[in-house]
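input.cif follows; it contains mmCIF, C-alpha atoms.
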data_protein
#
loop_
_atom_site.label_atom_id
_atom_site.label_comp_id
_atom_site.auth_asym_id
_atom_site.auth_seq_id
_atom_site.Cartn_x
_atom_site.Cartn_y
_atom_site.Cartn_z
CA MET B 1046 29.61 -91.53 36.65
CA ASN B 1047 26.40 -92.03 38.57
CA LEU B 1048 24.24 -89.56 40.46
CA ARG B 1049 25.32 -90.86 43.87
CA GLN B 1050 28.97 -90.23 43.07
CA LEU B 1051 28.12 -86.80 41.72
CA ARG B 1052 26.15 -85.85 44.82
CA TYR B 1053 29.02 -86.97 47.04
CA PHE B 1054 31.54 -84.94 45.03
CA LEU B 1055 29.35 -81.82 45.09
CA ALA B 1056 28.95 -82.13 48.85
CA VAL B 1057 32.73 -82.31 49.37
CA ALA B 1058 33.33 -79.42 46.97
CA GLU B 1059 30.73 -77.28 48.72
CA GLU B 1060 31.98 -78.05 52.24
CA GLY B 1061 35.66 -77.91 51.27
CA SER B 1062 36.31 -80.93 53.49
CA PHE B 1063 35.68 -84.68 53.39
CA SER B 1064 34.95 -84.76 57.12
CA LYS B 1065 32.41 -81.92 56.97
CA ALA B 1066 30.77 -83.41 53.89
CA ALA B 1067 30.58 -86.85 55.57
CA ALA B 1068 28.88 -85.29 58.58
CA MET B 1069 26.43 -83.43 56.35
CA LEU B 1070 25.64 -86.63 54.44
CA HIS B 1071 25.31 -88.65 57.67
CA MET B 1072 27.99 -91.14 56.65
CA THR B 1073 31.57 -91.98 57.57
CA GLN B 1074 34.50 -90.42 55.75
CA PRO B 1075 36.19 -93.55 54.22
CA PRO B 1076 33.32 -94.58 51.88
CA LEU B 1077 32.87 -90.93 50.87
CA SER B 1078 36.53 -90.57 50.01
CA LEU B 1079 36.44 -93.86 48.11
CA ALA B 1080 33.40 -92.78 46.07
CA VAL B 1081 35.07 -89.53 45.01
CA SER B 1082 38.30 -91.33 44.15
CA GLN B 1083 36.34 -93.81 42.00
CA LEU B 1084 34.64 -90.90 40.24
CA GLU B 1085 38.01 -89.31 39.47
CA LYS B 1086 39.27 -92.63 38.14
CA GLU B 1087 36.23 -93.15 35.92
CA LEU B 1088 36.46 -89.61 34.51
CA GLY B 1089 40.23 -89.77 34.15
CA ALA B 1090 40.60 -86.36 35.75
CA LYS B 1091 41.62 -85.07 39.16
CA LEU B 1092 38.71 -83.14 40.63
CA LEU B 1093 40.04 -82.13 44.04
CA GLU B 1094 43.37 -81.10 45.49
CA ARG B 1095 43.73 -82.65 48.95
CA HIS B 1096 45.30 -80.39 51.61
CA ALA B 1097 46.00 -80.79 55.31
CA HIS B 1098 43.02 -78.59 56.17
CA GLY B 1099 40.61 -79.60 53.42
CA VAL B 1100 40.27 -79.68 49.65
CA SER B 1101 40.12 -77.27 46.74
CA LYS B 1102 38.68 -77.77 43.29
CA THR B 1103 40.80 -78.31 40.22
CA GLU B 1104 39.84 -76.82 36.87
CA ALA B 1105 38.03 -80.07 36.05
CA GLY B 1106 36.39 -79.95 39.47
CA GLU B 1107 35.19 -76.38 38.89
CA TYR B 1108 33.63 -77.44 35.59
CA LEU B 1109 31.89 -80.42 37.19
CA VAL B 1110 30.52 -78.28 40.02
CA ALA B 1111 29.14 -75.74 37.54
CA ASN B 1112 27.42 -78.34 35.38
CA GLY B 1113 26.84 -81.15 37.87
CA SER B 1114 24.50 -79.08 40.02
CA GLN B 1115 22.21 -78.54 37.01
CA LEU B 1116 22.37 -82.24 36.24
CA ILE B 1117 21.28 -83.12 39.79
CA LEU B 1118 18.46 -80.57 39.60
CA ARG B 1119 17.28 -81.92 36.24
CA ALA B 1120 17.42 -85.50 37.52
CA SER B 1121 15.35 -84.47 40.53
CA ARG B 1122 12.76 -82.82 38.30
CA ILE B 1123 12.62 -85.86 36.04
CA GLU B 1124 12.15 -88.12 39.06
CA SER B 1125 9.35 -85.93 40.42
CA HIS B 1126 7.62 -85.78 37.03
CA VAL B 1127 7.82 -89.55 36.53
CA LYS B 1128 6.37 -90.10 40.01
CA ALA B 1129 3.57 -87.64 39.25
CA LEU B 1130 2.82 -89.44 35.98
CA GLY B 1131 2.72 -92.76 37.79
CA GLN B 1132 0.33 -91.37 40.40
CA GLY B 1133 -1.93 -89.76 37.81
CA LEU B 1134 -1.09 -86.25 39.06
CA THR B 1135 0.13 -85.02 35.68
CA GLY B 1136 -0.20 -86.08 32.04
CA ARG B 1137 -3.14 -85.83 29.66
CA LEU B 1138 -6.75 -87.01 29.84
CA HIS B 1139 -9.05 -87.10 26.79
CA ILE B 1140 -12.76 -87.25 27.59
CA ALA B 1141 -15.40 -87.75 24.90
CA SER B 1142 -18.85 -86.70 26.15
CA VAL B 1143 -22.21 -86.03 24.55
CA PRO B 1144 -23.19 -82.36 25.02
CA SER B 1145 -26.23 -83.15 27.17
CA PHE B 1146 -23.93 -84.57 29.85
CA SER B 1147 -21.08 -82.09 29.29
CA TRP B 1148 -23.35 -79.16 30.08
CA SER B 1149 -24.61 -80.42 33.43
CA GLY B 1150 -23.03 -83.60 34.78
CA LEU B 1151 -19.41 -83.13 33.74
CA PRO B 1152 -18.44 -79.74 35.25
CA PRO B 1153 -18.58 -80.82 38.93
CA LEU B 1154 -16.61 -83.98 38.11
CA LEU B 1155 -13.92 -81.98 36.33
CA LYS B 1156 -13.78 -79.49 39.22
CA ASN B 1157 -13.16 -82.30 41.73
CA TYR B 1158 -10.59 -83.86 39.43
CA ALA B 1159 -8.72 -80.58 38.93
CA GLU B 1160 -8.42 -80.25 42.71
CA GLN B 1161 -6.88 -83.73 42.92
CA ALA B 1162 -4.68 -83.60 39.82
CA PRO B 1163 -4.08 -79.98 38.78
CA GLY B 1164 -1.16 -81.00 36.58
CA VAL B 1165 -3.29 -83.09 34.20
CA GLU B 1166 -4.22 -81.48 30.90
CA VAL B 1167 -7.85 -82.35 30.10
CA GLU B 1168 -9.04 -82.50 26.49
CA LEU B 1169 -12.80 -82.60 25.86
CA SER B 1170 -14.65 -83.51 22.68
CA ASP B 1171 -18.41 -83.73 22.11
CA PRO B 1172 -19.19 -86.42 19.50
CA ALA B 1173 -22.49 -88.22 19.03
CA PRO B 1174 -23.24 -91.17 21.37
CA ALA B 1175 -22.14 -93.92 18.96
CA GLU B 1176 -18.93 -92.01 18.24
CA VAL B 1177 -18.21 -91.66 21.98
CA LEU B 1178 -18.32 -95.44 22.29
CA SER B 1179 -16.16 -95.85 19.19
CA GLN B 1180 -13.52 -93.38 20.38
CA VAL B 1181 -13.20 -95.00 23.79
CA SER B 1182 -13.13 -98.48 22.28
CA SER B 1183 -10.42 -97.54 19.77
CA GLY B 1184 -8.30 -95.58 22.26
CA LEU B 1185 -8.88 -92.14 20.72
CA ALA B 1186 -10.47 -91.15 24.04
CA ASP B 1187 -9.59 -92.38 27.52
CA VAL B 1188 -13.07 -92.09 29.03
CA GLY B 1189 -16.50 -91.30 27.64
CA PHE B 1190 -19.91 -90.13 28.83
CA VAL B 1191 -23.24 -90.77 27.13
CA ALA B 1192 -26.85 -90.06 28.01
CA THR B 1193 -28.68 -93.35 27.58
CA GLY B 1194 -32.19 -94.55 28.22
CA ASN B 1195 -30.99 -97.85 29.65
CA THR B 1196 -27.52 -98.33 31.16
CA GLY B 1197 -28.14 -102.05 31.59
CA LYS B 1198 -28.84 -102.58 27.89
CA LEU B 1199 -25.81 -100.51 26.97
CA ARG B 1200 -23.65 -102.61 29.28
CA ASP B 1201 -24.93 -105.83 27.70
CA SER B 1202 -24.37 -104.57 24.15
CA THR B 1203 -20.76 -103.51 24.87
CA ALA B 1204 -19.78 -106.43 27.13
CA GLY B 1205 -16.18 -107.55 26.60
CA ASP B 1206 -15.23 -104.20 25.08
CA LEU B 1207 -16.27 -101.42 27.46
CA CYS B 1208 -16.88 -101.00 31.16
CA VAL B 1209 -20.16 -99.15 31.77
CA ALA B 1210 -21.31 -97.40 34.96
CA LEU B 1211 -24.32 -95.22 35.76
CA VAL B 1212 -23.14 -91.84 37.04
CA GLN B 1213 -26.34 -89.89 37.54
CA GLU B 1214 -29.98 -89.74 36.49
CA MET B 1215 -31.07 -86.90 34.22
CA PRO B 1216 -34.81 -86.15 34.80
CA LEU B 1217 -36.81 -85.18 31.73
CA VAL B 1218 -39.12 -82.19 31.32
CA ALA B 1219 -41.39 -80.79 28.64
CA VAL B 1220 -39.80 -77.92 26.71
CA LEU B 1221 -42.36 -75.54 25.21
CA PRO B 1222 -42.31 -72.30 23.20
CA PRO B 1223 -42.95 -68.92 24.88
CA SER B 1224 -46.60 -69.03 23.82
CA HIS B 1225 -47.15 -71.70 26.51
CA ARG B 1226 -46.15 -69.54 29.49
CA GLY B 1227 -49.65 -69.91 30.89
CA ALA B 1228 -49.38 -73.72 31.03
CA PRO B 1229 -49.63 -75.36 34.48
CA GLU B 1230 -46.38 -76.30 36.26
CA THR B 1231 -47.13 -79.98 35.59
CA ILE B 1232 -48.43 -80.68 32.11
CA ASP B 1233 -50.22 -83.65 30.55
CA LEU B 1234 -48.45 -84.63 27.33
CA SER B 1235 -51.68 -85.90 25.80
CA GLY B 1236 -52.74 -82.27 25.45
CA LEU B 1237 -49.71 -81.57 23.26
CA LEU B 1238 -50.24 -84.22 20.59
CA ASP B 1239 -51.30 -81.61 18.03
CA GLU B 1240 -47.92 -79.87 18.36
CA ILE B 1241 -44.86 -80.64 16.27
CA TRP B 1242 -42.58 -82.81 18.44
CA MET B 1243 -38.82 -82.31 18.09
CA VAL B 1244 -37.13 -85.62 18.88
CA PRO B 1245 -33.46 -86.63 18.66
CA GLN B 1246 -32.31 -89.02 16.00
CA ARG B 1247 -32.03 -92.72 16.69
CA TYR B 1248 -28.64 -94.46 16.86
CA ALA B 1249 -28.60 -98.13 15.91
CA GLY B 1250 -27.82 -100.32 18.90
CA PHE B 1251 -27.82 -97.39 21.32
CA PRO B 1252 -30.76 -96.94 23.72
CA GLY B 1253 -31.29 -93.20 23.84
CA LEU B 1254 -33.86 -90.47 24.46
CA ILE B 1255 -36.00 -91.32 21.45
CA GLU B 1256 -36.74 -94.75 22.94
CA LEU B 1257 -37.88 -93.14 26.22
CA ILE B 1258 -40.17 -90.77 24.33
CA GLU B 1259 -41.63 -93.67 22.36
CA ASP B 1260 -42.28 -95.48 25.65
CA VAL B 1261 -44.36 -92.48 26.77
CA TRP B 1262 -46.33 -92.53 23.54
CA ALA B 1263 -46.91 -96.27 23.92
CA ALA B 1264 -48.17 -95.77 27.48
CA MET B 1265 -50.62 -93.10 26.24
CA GLY B 1266 -51.73 -95.38 23.41
CA THR B 1267 -51.19 -92.68 20.81
CA ARG B 1268 -48.51 -90.51 19.25
CA PRO B 1269 -48.20 -86.96 17.87
CA ALA B 1270 -49.47 -86.25 14.40
CA THR B 1271 -46.16 -84.62 13.42
CA VAL B 1272 -42.72 -85.70 14.59
CA ARG B 1273 -39.57 -83.92 13.44
CA THR B 1274 -36.12 -85.45 13.93
CA VAL B 1275 -33.28 -83.16 15.01
CA ALA B 1276 -29.61 -84.01 15.14
CA THR B 1277 -29.06 -82.93 18.74
CA LEU B 1278 -30.89 -81.45 21.69
CA GLN B 1279 -29.07 -78.15 21.24
CA THR B 1280 -30.57 -78.06 17.73
CA ALA B 1281 -34.07 -78.40 19.17
CA ILE B 1282 -33.81 -75.53 21.68
CA PRO B 1283 -33.77 -72.58 19.19
CA LEU B 1284 -36.50 -74.24 17.14
CA VAL B 1285 -38.72 -74.54 20.23
CA ALA B 1286 -37.87 -70.97 21.24
CA ALA B 1287 -39.01 -69.85 17.77
CA GLY B 1288 -42.41 -71.52 18.28
CA MET B 1289 -41.75 -74.27 15.75
CA GLY B 1290 -42.54 -77.17 18.06
CA ILE B 1291 -42.02 -78.75 21.48
CA SER B 1292 -39.56 -81.25 22.88
CA ILE B 1293 -38.62 -83.40 25.85
CA MET B 1294 -35.12 -83.18 27.25
CA PRO B 1295 -33.15 -83.30 30.51
CA SER B 1296 -34.07 -80.42 32.81
CA ALA B 1297 -30.43 -79.34 33.25
CA VAL B 1298 -30.06 -78.98 29.48
CA ALA B 1299 -33.34 -77.13 29.03
CA GLU B 1300 -32.49 -74.65 31.79
CA LEU B 1301 -29.49 -73.46 29.77
CA ALA B 1302 -31.91 -71.77 27.35
CA GLY B 1303 -33.12 -69.44 30.09
CA GLU B 1304 -36.33 -67.50 29.48
CA ASN B 1305 -36.39 -68.24 25.75
CA ILE B 1306 -38.42 -71.39 26.40
CA VAL B 1307 -40.98 -72.69 28.89
CA ILE B 1308 -40.10 -75.68 31.06
CA ARG B 1309 -42.79 -77.81 32.68
CA ARG B 1310 -42.87 -81.05 34.67
CA ILE B 1311 -44.61 -84.00 33.03
CA SER B 1312 -47.63 -85.70 34.63
CA GLN B 1313 -46.95 -89.02 32.87
CA VAL B 1314 -44.35 -91.41 34.25
CA VAL B 1315 -41.20 -90.74 32.24
CA HIS B 1316 -38.03 -92.72 32.84
CA PRO B 1317 -35.05 -90.35 33.17
CA LEU B 1318 -32.06 -90.38 30.91
CA GLU B 1319 -29.00 -91.88 32.55
CA GLY B 1320 -25.64 -90.14 32.45
CA THR B 1321 -23.30 -93.09 31.97
CA MET B 1322 -19.51 -93.37 31.96
CA VAL B 1323 -17.68 -95.80 29.69
CA TRP B 1324 -14.01 -96.79 29.66
CA PRO B 1325 -11.99 -99.62 28.09
CA GLU B 1326 -12.36 -103.08 29.55
CA ASN B 1327 -9.34 -104.73 27.93
CA ARG B 1328 -6.90 -101.82 27.82
CA THR B 1329 -4.92 -100.49 30.75
CA LEU B 1330 -5.79 -96.89 31.52
CA THR B 1331 -3.12 -94.28 31.99
CA PRO B 1332 -2.65 -93.34 35.66
CA ALA B 1333 -4.35 -89.98 34.96
CA ALA B 1334 -7.37 -91.71 33.40
CA GLN B 1335 -7.53 -94.32 36.17
CA ARG B 1336 -7.51 -91.57 38.80
CA PHE B 1337 -10.44 -89.89 37.00
CA VAL B 1338 -12.45 -93.11 36.73
CA ASP B 1339 -11.84 -93.87 40.42
CA LEU B 1340 -12.96 -90.37 41.36
CA VAL B 1341 -16.19 -90.57 39.34
CA MET B 1342 -17.00 -94.00 40.74
CA SER B 1343 -16.45 -92.80 44.32
CA ILE B 1344 -18.75 -89.81 43.79
CA SER B 1345 -21.51 -91.71 42.00
CA SER B 1346 -21.52 -94.83 44.24
#
Serialized structure, structure tokens:
Amino acid sequence: MNLRQLRYFLAVAEEGSFSKAAAMLHMTQPPLSLAVSQLEKELGAKLLERHAHGVSKTEAGEYLVANGSQLILRASRIESHVKALGQGLTGRLHIASVPSFSWSGLPPLLKNYAEQAPGVEVELSDPAPAEVLSQVSSGLADVGFVATGNTGKLRDSTAGDLCVALVQEMPLVAVLPPSHRGAPETIDLSGLLDEIWMVPQRYAGFPGLIELIEDVWAAMGTRPATVRTVATLQTAIPLVAAGMGISIMPSAVAELAGENIVIRRISQVVHPLEGTMVWPENRTLTPAAQRFVDLVMSISS
């Protein structure tokens, strides 16, 4: 028994007539009658009693009508779901993103994606930069986002393994404790060298924020007397708010702290962090992941 035969039988049973069913199906009566007869032969059971003015269902026919309609409905739902999976409209998408990008750059991308593919279940994790690259490379995550100081260098270091694309720039600002509320809107970092500087840790082979900060120090020809390494930018914010030092971080991240800290523009030339998307180069993405990558590329291009 195939679905075509079943649909034909259900149409005849519903209409109570081969001729009416043929008209409803936009076909001639002979092939319809033949299809139902073949179905009866395959099942080894008479499904319809033929009369001069139509047909009536046998006990076997009644059973097939009761259960066949559900089978057709289930087949239709399966077909729709498979099509949706193939078009990336449903399924699952795992994104690994460093917090500094998750807080600011990711929300509008996810909002646009949800409007396109509301049936996709999105999972989000926030590992360290090196772990983001590892998860995407190994297939634990479909797509990743990192905040790097140099997208070009990252692309070169991951060539043959990951595709790398700049999504957006993340301008950097000075983040100061409340005691600096009187500081000018644009501040010279050379006047802060006596402060304790909170800087993120370095990741081998990954060009990050610490390298950009060191470039600023190199341009000034000096460096702070005291530098303290913190695991993440979110670790630095409460320490700065408590008056235990200063930091440099993306403006969008710093603004999340509200009035607990003081944010000032920097007079020195400071290269911004770059919010960068990575995805596998030698592994086929799921349709849901491919739809997301295509969306991000169209927005950022």
Practice item. Apply the PyMOL selection byres ((chain B and resi 1261-1267) around 10) to the structure shown and report the selected residues as a PyMOL selection string. Key: chain B and resi 1234-1235+1238+1255-1260+1268-1270+1313-1316
**Study point:** Residues matched by the PyMOL selection byres ((chain B and resi 1086-1099) around 12), written as a PyMOL selection string
**Key:** chain B and resi 1046-1047+1050-1051+1054-1055+1057-1066+1078-1085+1100-1110
Which residues of stretch 1182-1285 of chain B sit at most 9 Å from stretch 1290-1309 of chain B, using all atoms listed in the file? Give each one's shortest atom pair and distance in Å (one decimal place), in chain and ascending residue order, as a Markdown table.
| residue | atom | partner | partner_atom | distance |
| --- | --- | --- | --- | --- |
| B:Met1215 | CA | B:Pro1295 | CA | 5.6 |
| B:Pro1216 | CA | B:Pro1295 | CA | 5.4 |
| B:Leu1217 | CA | B:Pro1295 | CA | 4.3 |
| B:Val1218 | CA | B:Ser1296 | CA | 5.6 |
| B:Ala1219 | CA | B:Ile1293 | CA | 4.7 |
| B:Val1220 | CA | B:Ile1308 | CA | 4.9 |
| B:Leu1221 | CA | B:Val1307 | CA | 4.9 |
| B:Pro1222 | CA | B:Ile1306 | CA | 5.1 |
| B:Pro1223 | CA | B:Ile1306 | CA | 5.4 |
| B:Ser1224 | CA | B:Val1307 | CA | 8.4 |
| B:His1225 | CA | B:Val1307 | CA | 6.7 |
| B:Arg1226 | CA | B:Val1307 | CA | 6.1 |
| B:Ala1228 | CA | B:Arg1309 | CA | 7.9 |
| B:Pro1229 | CA | B:Arg1309 | CA | 7.5 |
| B:Glu1230 | CA | B:Arg1309 | CA | 5.3 |
| B:Thr1231 | CA | B:Arg1309 | CA | 5.7 |
| B:Ile1232 | CA | B:Arg1309 | CA | 6.4 |
| B:Leu1237 | CA | B:Ile1291 | CA | 8.4 |
| B:Glu1240 | CA | B:Gly1290 | CA | 6.0 |
| B:Ile1241 | CA | B:Gly1290 | CA | 4.5 |
| B:Trp1242 | CA | B:Ile1291 | CA | 5.1 |
| B:Met1243 | CA | B:Ser1292 | CA | 5.0 |
| B:Val1244 | CA | B:Ser1292 | CA | 6.4 |
| B:Leu1254 | CA | B:Met1294 | CA | 7.9 |
| B:Ile1258 | CA | B:Ile1293 | CA | 7.7 |
| B:Arg1273 | CA | B:Gly1290 | CA | 8.7 |
| B:Leu1278 | CA | B:Met1294 | CA | 7.2 |
| B:Gln1279 | CA | B:Val1298 | CA | 8.3 |
| B:Ala1281 | CA | B:Ser1292 | CA | 7.2 |
| B:Ile1282 | CA | B:Ala1302 | CA | 7.1 |
| B:Pro1283 | CA | B:Asn1305 | CA | 8.3 |
| B:Leu1284 | CA | B:Gly1290 | CA | 6.8 |
| B:Val1285 | CA | B:Gly1290 | CA | 5.1 |
Exercise for review: May I ask which of the residues B:Val1275, B:Leu1154, B:Ala1186, B:Val1191 is the closest one to B:Asp1339, counting only C-alpha atoms?
Suggested key: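 Once distances to B:Asp1339 are computed over only C-alpha atoms, the minimum belongs to B:Leu1154.
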Review point. Between atom CA of B:Met1322 and atom CA of B:Val1209, what is the spacing in Å?
Key: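 Atom-to-atom, atom CA of B:Val1209 and atom CA of B:Met1322 are spaced 5.8 Å apart.
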Point to revise | Evaluate the PyMOL selection byres ((chain B and resi 1334-1338) around 9) and report residues as JSON, numbers by chain | key: {"B": [1132, 1133, 1134, 1137, 1138, 1139, 1154, 1155, 1158, 1161, 1162, 1187, 1188, 1322, 1324, 1329, 1330, 1331, 1332, 1333, 1339, 1340, 1341, 1342, 1343]}
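Ranking B:Leu1118, B:Ala1276, B:Leu1211, B:Ile1344 by their shortest atom-to-atom distance to B:Leu1318, with only C-alpha atoms included, puts B:Leu1211 first.
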Exercise for review: Please identify all polymer residues within 8 Å of B:Pro1252, counting all atoms listed in the file, omitting same-chain residues fewer than 4 positions from it, and present them as a PyMOL selection string.
Suggested key: chain B and resi 1193-1195+1198-1199+1248+1256
Practice item. Tell me, in Å to one decimal, how far atom CA of B:Ala1120 is from atom CA of B:Arg1052. Key: 11.4 Å
Point to revise | Given all atoms listed in the file as the counted atoms, nearest of B:Thr1073, B:Ser1142, B:Ser1149, B:Ser1170 to B:Phe1190 | key: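 Of B:Thr1073, B:Ser1142, B:Ser1149, B:Ser1170, the one nearest B:Phe1190 is B:Ser1142, counting all atoms listed in the file.
From atom CA of B:Thr1321 back to atom CA of B:Asp1206, the distance works out to 15.4 Å.
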Start from the incomplete input, build N, CA and C atoms for stretch 1160-1184 of chain B, and deliver everything as an mmCIF file, keeping the file's coordinate frame.
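And here's result.cif as it stands now:
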data_model
loop_
_atom_site.group_PDB
_atom_site.id
_atom_site.type_symbol
_atom_site.label_atom_id
_atom_site.label_comp_id
_atom_site.auth_asym_id
_atom_site.auth_seq_id
_atom_site.Cartn_x
_atom_site.Cartn_y
_atom_site.Cartn_z
ATOM 1 N N GLU B 1160 -8.922 -80.445 41.350
ATOM 2 C CA GLU B 1160 -8.420 -80.250 42.710
ATOM 3 C C GLU B 1160 -7.474 -81.372 43.106
ATOM 4 N N GLN B 1161 -7.732 -82.583 42.613
ATOM 5 C CA GLN B 1161 -6.880 -83.730 42.920
ATOM 6 C C GLN B 1161 -5.628 -83.768 42.052
ATOM 7 N N ALA B 1162 -5.787 -83.458 40.778
ATOM 8 C CA ALA B 1162 -4.680 -83.600 39.820
ATOM 9 C C ALA B 1162 -4.571 -82.353 38.956
ATOM 10 N N PRO B 1163 -4.137 -81.239 39.543
ATOM 11 C CA PRO B 1163 -4.080 -79.980 38.780
ATOM 12 C C PRO B 1163 -3.084 -79.997 37.639
ATOM 13 N N GLY B 1164 -2.158 -80.943 37.636
ATOM 14 C CA GLY B 1164 -1.160 -81.000 36.580
ATOM 15 C C GLY B 1164 -1.605 -81.740 35.338
ATOM 16 N N VAL B 1165 -2.793 -82.337 35.361
ATOM 17 C CA VAL B 1165 -3.290 -83.090 34.200
ATOM 18 C C VAL B 1165 -3.972 -82.153 33.214
ATOM 19 N N GLU B 1166 -3.581 -82.258 31.960
ATOM 20 C CA GLU B 1166 -4.220 -81.480 30.900
ATOM 21 C C GLU B 1166 -5.419 -82.251 30.370
ATOM 22 N N VAL B 1167 -6.610 -81.681 30.507
ATOM 23 C CA VAL B 1167 -7.850 -82.350 30.100
ATOM 24 C C VAL B 1167 -8.280 -81.856 28.728
ATOM 25 N N GLU B 1168 -8.502 -82.800 27.821
ATOM 26 C CA GLU B 1168 -9.040 -82.500 26.490
ATOM 27 C C GLU B 1168 -10.469 -83.022 26.432
ATOM 28 N N LEU B 1169 -11.384 -82.222 25.904
ATOM 29 C CA LEU B 1169 -12.800 -82.600 25.860
ATOM 30 C C LEU B 1169 -13.331 -82.470 24.447
ATOM 31 N N SER B 1170 -13.979 -83.539 23.979
ATOM 32 C CA SER B 1170 -14.650 -83.510 22.680
ATOM 33 C C SER B 1170 -16.108 -83.880 22.893
ATOM 34 N N ASP B 1171 -16.968 -83.515 21.925
ATOM 35 C CA ASP B 1171 -18.410 -83.730 22.110
ATOM 36 C C ASP B 1171 -19.035 -84.452 20.909
ATOM 37 N N PRO B 1172 -18.607 -85.670 20.626
ATOM 38 C CA PRO B 1172 -19.190 -86.420 19.500
ATOM 39 C C PRO B 1172 -20.573 -86.979 19.845
ATOM 40 N N ALA B 1173 -21.203 -87.549 18.840
ATOM 41 C CA ALA B 1173 -22.490 -88.220 19.030
ATOM 42 C C ALA B 1173 -22.283 -89.483 19.872
ATOM 43 N N PRO B 1174 -23.368 -90.016 20.458
ATOM 44 C CA PRO B 1174 -23.240 -91.170 21.370
ATOM 45 C C PRO B 1174 -22.465 -92.354 20.782
ATOM 46 N N ALA B 1175 -22.816 -92.768 19.563
ATOM 47 C CA ALA B 1175 -22.140 -93.920 18.960
ATOM 48 C C ALA B 1175 -20.653 -93.633 18.759
ATOM 49 N N GLU B 1176 -20.322 -92.374 18.449
ATOM 50 C CA GLU B 1176 -18.930 -92.010 18.240
ATOM 51 C C GLU B 1176 -18.165 -91.975 19.568
ATOM 52 N N VAL B 1177 -18.840 -91.597 20.655
ATOM 53 C CA VAL B 1177 -18.210 -91.660 21.980
ATOM 54 C C VAL B 1177 -17.759 -93.084 22.262
ATOM 55 N N LEU B 1178 -18.653 -94.037 22.053
ATOM 56 C CA LEU B 1178 -18.320 -95.440 22.290
ATOM 57 C C LEU B 1178 -17.174 -95.895 21.400
ATOM 58 N N SER B 1179 -17.207 -95.457 20.130
ATOM 59 C CA SER B 1179 -16.160 -95.850 19.190
ATOM 60 C C SER B 1179 -14.806 -95.270 19.588
ATOM 61 N N GLN B 1180 -14.791 -94.009 20.002
ATOM 62 C CA GLN B 1180 -13.520 -93.380 20.380
ATOM 63 C C GLN B 1180 -12.908 -94.027 21.607
ATOM 64 N N VAL B 1181 -13.731 -94.349 22.585
ATOM 65 C CA VAL B 1181 -13.200 -95.000 23.790
ATOM 66 C C VAL B 1181 -12.730 -96.402 23.455
ATOM 67 N N SER B 1182 -13.487 -97.117 22.650
ATOM 68 C CA SER B 1182 -13.130 -98.480 22.280
ATOM 69 C C SER B 1182 -11.818 -98.531 21.500
ATOM 70 N N SER B 1183 -11.604 -97.537 20.618
ATOM 71 C CA SER B 1183 -10.420 -97.540 19.770
ATOM 72 C C SER B 1183 -9.201 -96.890 20.425
ATOM 73 N N GLY B 1184 -9.412 -96.229 21.568
ATOM 74 C CA GLY B 1184 -8.300 -95.580 22.260
ATOM 75 C C GLY B 1184 -8.115 -94.122 21.896
#
